Amino acid sequence: MTRDLVLHDWVVAGIALASGCAAALVLRTLMKWLGKHASRTKWSGDDVIVDALRSIVPWAAVITAAAVAASILPLTARVGGLVDQSLTAVLIVIATLSAARVVAGLVQSVAASRTGVAASATIFVNITRIVVLTMGVLVALETLGVSIAPLVTALGVGGLAVALALQDTLANLFAGVHILASKTVQPGDYIRLTSGEEGYVVDINWRNSVVRNLSNNLVIIPNGRLARTNMTNYSQPEQKLSILVQVGVGYESDLDHVEKVTLDVVDSVMADISGGVPDHEAAVRFHTFADSRINFTVILGVGEFSDQYRIKHEFIKRLHQRYRTEGISIPAPTRTISLQQEDAGPTPAPLPPLPHQRDASPDLLADRRR
C-alpha cells in the first residue's frame with residue numbers, strides 16, 4: 001500500500017460498486033425484454049443467445065465495477081495484480097459457462113431442425129459442453145498463472161488409464177457418435193430391431209439410446225448393441241409408407257365392381273382421416289383362389305408408422321359397410337365333408353353259450369339267483 005486508506009477512497013469505491021450493481025439490474029431488465037421479443041421469432045437460436053447473455057452481461061457489469069473500485073483503492077502492485085487476475089478469471093469462468101450454454105443450445109436447435117421434430121441428441125450436446133468448459137477452465141488457470149502444460153500431460157497419461165478401464169463406456173460413446181454421424185438413425189425416427197424392440201427414438205446420449213414404444217414406455221438400448229444389430233427404420237428415407245390390408249370376396253362377385261368399390265372407399269379414407277395420404281396411388285391386387293373366396297391385397301398410404309392403425313381401423317369399417325350396401329359377400333371359410341357308409345356284409349352268427357351255462361337247467365339257475 002503506497003498510502004493509507006481514507007474515507008474518500010471508501011466512498012468512491014462504494015459508489016463504483018453501487019453503479020455496477022445498478023447497471024447490472026438495468027442490463028438484466030433489458031435482457032428480459034429482449035428475451036420476450038426473441039421468443040416471438042421462429043428461430044430458436046436467438047432464445048438461447050439471449051438466455052446466455054442474461055447471465056453474463058449483469059455479472060460483467062459487477063466485475064467491471066469491482067475492478068474500477070480496486071483501481072481506486074491504494075493497493076500495492078502485488079495485491080492489485082492478484083485482484084485483477086482473480087476478477088479476470090471469474091469473468092472467464094462466467095463467460096465459459098455462458099458460451100457452453102449457447103453452443104449446447106445451438107447444437108440442440110440444429111439437431112431438432114434437421115430431424116423435423118422436437119427431438120434431442122444429447123451426445124453431441126454433452127461433448128460440445130465438455131469441450132467448451134475444458135477450454136475455459138484451462139484459460140482461467142493460465143490467467144491465474146498456473147502452468148497448464150504439466151496438467152495437459154498428466155491428463156493425457158491419466159486418460160489412457162481411464163480409457164482402458166472404461167472400454168464398454170467408450171465403445172457406446174463412439175457407437176453413438178457413429179450412429180448420428182452416419183444418419184442411419186436420428187431422434188424422432190421409428191425403428192424396429194430384429195430382437196423385437198421398436199418405437200420412436202427419443203434421445204441418443206453418450207451411453208445408450210432411448211426408444212419410446214407405442215404404449216408410451218421407454219426402452220433403453222446400449223449404443224453398441226444398436227450399432228451392431230439389424231434394424232428397420234420406418235422413417236427413412238421418408239416418413240410416408242405403404243401398408244397392406246388383406247381382403248377376400250366370394251366367387252360369385254364381379255371382380256371389376258369389387259375393385260371399383262374398394263378404390264372408392266380407399267379414396268374416402270385417405271381424404272377424411274388424419275394420417276392418410278390423399279395423393280397416394282391406391283391399388284387393389286387379386287392374388288389367390290382360396291377355399292371359399294378370392295383373396296386380394298389393398299395398398300394404402302399413411303403419413304407415418306403409427307397412423308396405420310387408425311387408417312386400417314376406419315378402412316375396414318367403411319369397406320364392410322359399403323360391401324353390405326353393394327351386396328358383395330365376404331364369405332367365412334367353409335369346408336364340406338361327405339360321409340359314406342360302406343356295406344357291412346352278412347350278419348355274424350351268435351356266439352355259443354359257455355360250458356357251465358350249457359349244462360345248467362332253468363331250475364338250477366333260478367335257485368342260484370335266489
# chains A, B, ... in the order shown; residues from 1 in each chain; ligands from 1
call {"tool": "residues_around", "arguments": {"residues": "stretch 191-204 of chain A", "least_positions_apart": "3", "cutoff": "6 Å", "atoms": "only C-alpha atoms", "output": "PyMOL selection string"}}
result
chain A and resi 120-121+187-188+209-213+230-234
call {"tool": "residues_around", "arguments": {"residues": "A:Asp256", "least_positions_apart": "5", "cutoff": "12 Å", "atoms": "only C-alpha atoms", "output": "list in words"}}
result
Val249, Val261, Thr262, Leu263, Val284, Arg285, Phe286 and Ile328 of chain A
call {"tool": "write_last_selection", "arguments": {"atoms": "C-alpha atoms", "output": "PDB file, in the first residue's frame"}}
result
ATOM      1  CA  VAL A 249     -64.799 -61.843 -51.595  1.00  0.00           C
ATOM      2  CA  VAL A 261     -65.936 -50.065 -54.848  1.00  0.00           C
ATOM      3  CA  THR A 262     -62.774 -50.786 -52.868  1.00  0.00           C
ATOM      4  CA  LEU A 263     -60.866 -47.927 -54.505  1.00  0.00           C
ATOM      5  CA  VAL A 284     -56.036 -53.495 -55.452  1.00  0.00           C
ATOM      6  CA  ARG A 285     -54.190 -56.705 -56.359  1.00  0.00           C
ATOM      7  CA  PHE A 286     -56.032 -60.053 -56.615  1.00  0.00           C
ATOM      8  CA  ILE A 328     -70.750 -58.013 -52.084  1.00  0.00           C
TER       9      ILE A 328
END
call {"tool": "select_by_dssp", "arguments": {"residues": "stretch 155-268 of chain A", "states": "helix (DSSP H, G or I)", "output": "number ranges by chain"}}
result
A: 155-165, 167-182, 223-228, 255-268
call {"tool": "atom_distance", "arguments": {"atom1": "atom CA of A:Ser86", "atom2": "atom CA of A:Thr128"}}
result
26.3 Å
call {"tool": "residues_around", "arguments": {"residues": "A:Asp279", "least_positions_apart": "5", "cutoff": "12 Å", "atoms": "only C-alpha atoms", "output": "VMD selection string"}}
result
chain A and resid 240 266 to 271 300 to 303
call {"tool": "residues_around", "arguments": {"residues": "A:Pro331", "least_positions_apart": "2", "cutoff": "7 Å", "atoms": "only C-alpha atoms", "output": "PDB file with C-alpha atoms, in the first residue's frame"}}
result
ATOM      1  CA  VAL A 249     -64.799 -61.843 -51.595  1.00  0.00           C
ATOM      2  CA  GLY A 250     -66.996 -64.684 -52.780  1.00  0.00           C
ATOM      3  CA  SER A 292     -64.122 -70.324 -50.206  1.00  0.00           C
ATOM      4  CA  ARG A 293     -63.198 -66.910 -51.618  1.00  0.00           C
ATOM      5  CA  SER A 329     -70.271 -61.023 -49.828  1.00  0.00           C
ATOM      6  CA  PRO A 333     -64.006 -70.130 -44.668  1.00  0.00           C
TER       7      PRO A 333
END
call {"tool": "atom_distance", "arguments": {"atom1": "atom CA of A:Cys21", "atom2": "atom CA of A:Trp33"}}
result
18.6 Å
call {"tool": "residues_around", "arguments": {"residues": "A:Pro222", "least_positions_apart": "5", "cutoff": "10 Å", "atoms": "only C-alpha atoms", "output": "list in words"}}
result
Asp168, Thr169, Ala171, Asn172, Leu173, Ala175, Gly176, Ile204, Asn205, Trp206, Arg207, Asn208, Ser209, Val210 and Ala227 of chain A
call {"tool": "closest_residue", "arguments": {"among": "A:Leu97, A:Ile243, A:Ala66, A:Val177", "to": "A:Val83", "atoms": "only C-alpha atoms"}}
result
A:Ala66
call {"tool": "select_by_dssp", "arguments": {"residues": "stretch 184-270 of chain A", "states": "strand (DSSP E)", "output": "number ranges by chain"}}
result
A: 190-193, 198-204, 208-212, 218-222, 231-233, 241-249
call {"tool": "closest_residue", "arguments": {"among": "A:Thr288, A:Val125, A:Gly145, A:Leu34", "to": "A:Thr88", "atoms": "only C-alpha atoms"}}
result
A:Gly145
call {"tool": "residues_around", "arguments": {"residues": "A:Arg310", "least_positions_apart": "4", "cutoff": "8 Å", "atoms": "only C-alpha atoms", "output": "list in words"}}
result
Gly275, Ser306 and Glu314 of chain A
call {"tool": "write_last_selection", "arguments": {"atoms": "C-alpha atoms", "output": "PDB file, in the first residue's frame"}}
result
ATOM      1  CA  GLY A 275     -52.790 -39.578 -41.215  1.00  0.00           C
ATOM      2  CA  SER A 306     -48.338 -45.027 -36.044  1.00  0.00           C
ATOM      3  CA  GLU A 314     -61.500 -46.810 -40.447  1.00  0.00           C
TER       4      GLU A 314
END
call {"tool": "closest_residue", "arguments": {"among": "A:Ala70, A:Leu133, A:Ile220, A:Ala283", "to": "A:Ala16", "atoms": "only C-alpha atoms"}}
result
A:Ala70
call {"tool": "atom_distance", "arguments": {"atom1": "atom CA of A:Asn126", "atom2": "atom CA of A:Gly105"}}
result
10.5 Å
call {"tool": "closest_residue", "arguments": {"among": "A:Pro278, A:Pro150, A:Gly248, A:Gly327", "to": "A:Phe296", "atoms": "only C-alpha atoms"}}
result
A:Gly248
call {"tool": "decode", "arguments": {"residues": "stretch 161-233 of chain A", "atoms": "C-alpha atoms", "output": "compact mmCIF listing (two decimals), in the first residue's frame"}}
result
# COMPACT_ATOMS: atom_id res chain seq x y z
CA ALA A 161 -5.63 -45.48 -17.97
CA VAL A 162 -9.24 -44.29 -17.86
CA ALA A 163 -9.78 -45.46 -21.46
CA LEU A 164 -8.60 -48.96 -20.56
CA ALA A 165 -10.88 -49.09 -17.54
CA LEU A 166 -13.93 -47.74 -19.40
CA GLN A 167 -13.80 -49.73 -22.63
CA ASP A 168 -17.52 -50.53 -22.70
CA THR A 169 -18.49 -46.94 -21.95
CA LEU A 170 -16.18 -45.56 -24.63
CA ALA A 171 -17.43 -48.18 -27.09
CA ASN A 172 -21.01 -46.99 -26.52
CA LEU A 173 -19.87 -43.36 -26.80
CA PHE A 174 -18.21 -43.81 -30.19
CA ALA A 175 -21.03 -46.05 -31.38
CA GLY A 176 -23.49 -43.24 -30.62
CA VAL A 177 -21.32 -40.73 -32.46
CA HIS A 178 -21.11 -43.10 -35.44
CA ILE A 179 -24.89 -43.65 -35.49
CA LEU A 180 -25.63 -39.92 -35.55
CA ALA A 181 -22.81 -39.06 -37.96
CA SER A 182 -23.90 -41.73 -40.46
CA LYS A 183 -27.54 -40.54 -40.17
CA THR A 184 -28.83 -44.11 -40.14
CA VAL A 185 -30.90 -43.29 -37.06
CA GLN A 186 -31.98 -39.83 -35.94
CA PRO A 187 -34.08 -38.72 -32.96
CA GLY A 188 -37.72 -38.94 -33.98
CA ASP A 189 -37.32 -41.99 -36.25
CA TYR A 190 -39.44 -45.10 -35.76
CA ILE A 191 -37.24 -48.19 -35.70
CA ARG A 192 -37.71 -51.93 -35.17
CA LEU A 193 -34.85 -54.22 -34.14
CA THR A 194 -34.58 -57.87 -35.13
CA SER A 195 -34.78 -58.71 -31.42
CA GLY A 196 -38.31 -57.23 -31.30
CA GLU A 197 -37.82 -53.82 -29.69
CA GLU A 198 -39.49 -50.99 -31.60
CA GLY A 199 -40.58 -47.39 -31.11
CA TYR A 200 -39.66 -43.76 -31.64
CA VAL A 201 -36.07 -42.74 -30.92
CA VAL A 202 -36.31 -40.11 -28.20
CA ASP A 203 -32.65 -39.47 -27.47
CA ILE A 204 -29.15 -40.77 -28.21
CA ASN A 205 -26.82 -39.92 -25.35
CA TRP A 206 -23.24 -40.82 -24.52
CA ARG A 207 -24.10 -44.37 -23.37
CA ASN A 208 -27.46 -45.55 -24.68
CA SER A 209 -30.37 -44.78 -26.94
CA VAL A 210 -33.83 -44.13 -25.52
CA VAL A 211 -36.75 -45.53 -27.52
CA ARG A 212 -40.40 -44.83 -26.69
CA ASN A 213 -42.77 -47.56 -27.85
CA LEU A 214 -46.44 -47.11 -28.75
CA SER A 215 -47.53 -47.97 -25.20
CA ASN A 216 -45.57 -44.89 -24.05
CA ASN A 217 -42.90 -46.90 -22.24
CA LEU A 218 -39.18 -46.22 -22.59
CA VAL A 219 -36.82 -48.89 -23.90
CA ILE A 220 -33.13 -48.32 -23.10
CA ILE A 221 -30.75 -49.80 -25.71
CA PRO A 222 -26.93 -49.53 -25.43
CA ASN A 223 -25.43 -47.72 -28.40
CA GLY A 224 -23.02 -50.56 -29.10
CA ARG A 225 -25.86 -53.03 -29.46
CA LEU A 226 -27.87 -50.63 -31.60
CA ALA A 227 -24.89 -50.22 -33.95
CA ARG A 228 -24.37 -53.99 -34.30
CA THR A 229 -27.94 -55.24 -34.72
CA ASN A 230 -30.10 -55.30 -37.83
CA MET A 231 -32.97 -52.86 -37.77
CA THR A 232 -35.71 -51.40 -39.93
CA ASN A 233 -36.05 -47.62 -39.95
